[in-house]
Structures are given as structure tokens and as C-alpha cells.
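First comes the structure, then the notes that go with it.
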Amino acid sequence: MTTTMRATTRTSTKPDTHRPAPQRTCVACRRSGDQSSFVRLVRSPEGAVLVDEQRRRAPGRGAYLCRDAACWTRALKGALAASLRTTITEADRAALLARAERFTTDTDVAEPAAGDEREGDA
Ligand SMILES: [Zn+2]
């Protein structure tokens with residue numbers, strides 16, 4: 001009588017403690033980086049596109065964008081809608097652009113003021 005003992009030495013699945021932070025990709029410029037450097041946008045069940053302020057708490061399909069208004073403007077031309085598989089309404093577009101403008105407030109890129117009118121030849 002031969003009893004074949006099968007070795008059931010299952011390698012214990014040790015928790016991956018030092019794994020890198022989840023990488024995300026901006027849907028506009030395709031730059032990838034740490035999740036914290038992006039803003040998550042979600043498509044609500046109603047089809048509206050919202051900024052996920054609670055950091056991945058909002059349910060629904062998500063997309064990521066840089067904290068850069070240029071990326072938001074670019075994404076609103078199509079990439080964001082394609083990524084979220086929805087159609088962005090004018091109201092949502094306006095809201096998202098308004099939100100994006102907040103990212104530019106702390107940059108020192110000053111736009112040349114167009115109010116430099118000279119009427120010295122009167
Ligand atoms: Zn970007």
C-alpha cells in the first residue's frame with residue numbers, strides 16, 4: 001500500500017506592503033504619475049460629469065486629469081467624453097472649466113493685459 005503524500009505547500013500570499021502608489025494617466029496629455037497629482041472626474045448615474053472631490057468615493061466611471069487648466073480645456077474637446085463614454089453637456093463643460101480655472105490661480109503666468117490703449121494723438 002503506497003500512500004502518495006501530496007505536498008500542499010502553498011506559498012502564503014504575503015501582503016504586498018511596499019508596492020508603489022497607484023499610477024494614473026491624464027486623459028488629455030497622457031502624462032502618468034501618482035494618483036494624488038490628478039483630479040478624478042466621474043460620470044454620475046444620471047450622465048453628468050462631476051469632479052470627485054472626495055477622492056474616489058463617488059461611484060461611477062472615472063477619468064483623471066492633471067491639476068492644470070490646459071489639460072481640462074483639452075480634455076473637454078473630446079478625450080474626457082470618450083473616456084467617460086458620455087456626452088458632456090454645455091452646463092457641465094462650463095462647470096468643469098470654471099473648476100479648472102482654480103488651478104491657474106497659483107501660477108505666475110501672467111496674461112498680457114489687453115487694456116493698454118493709447119490715445120495720445122487727440
Ligand atoms: Zn494632463
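Going by the C-alpha cells order, chains are called A, B, ..., each with residues numbered from 1, while ligands are numbered from 1 in the order shown.
Taking only C-alpha atoms and all ligand atoms into account, the residues that come within 8 Å of ligand 1 are A:Thr25, A:Cys26, A:Val27, A:Ala28, A:Cys29, A:Arg30, A:Arg31, A:Leu65, A:Cys66, A:Arg67, A:Asp68, A:Ala70, A:Cys71, A:Trp72.
Within 10 Å of range 45-51 of chain A there are A:Val39, A:Ala58, A:Pro59, A:Gly60, A:Arg61, A:Gly62, A:Ala63, A:Tyr64, A:Leu80, A:Ala81, A:Leu84, A:Arg85, A:Thr86, A:Thr87, A:Ile88, A:Thr89, A:Ala91, A:Asp92, A:Arg93, A:Ala95, A:Leu96, A:Arg99, counting only C-alpha atoms and ignoring same-chain residues fewer than 6 positions away.
Computed from the coordinates, the CA of Ser83 in chain A to CA of Ser37 in chain A distance equals 18.6 Å.
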Distance CA of Arg102 in chain A-CA of Glu53 in chain A, one decimal place?
13.7 Å
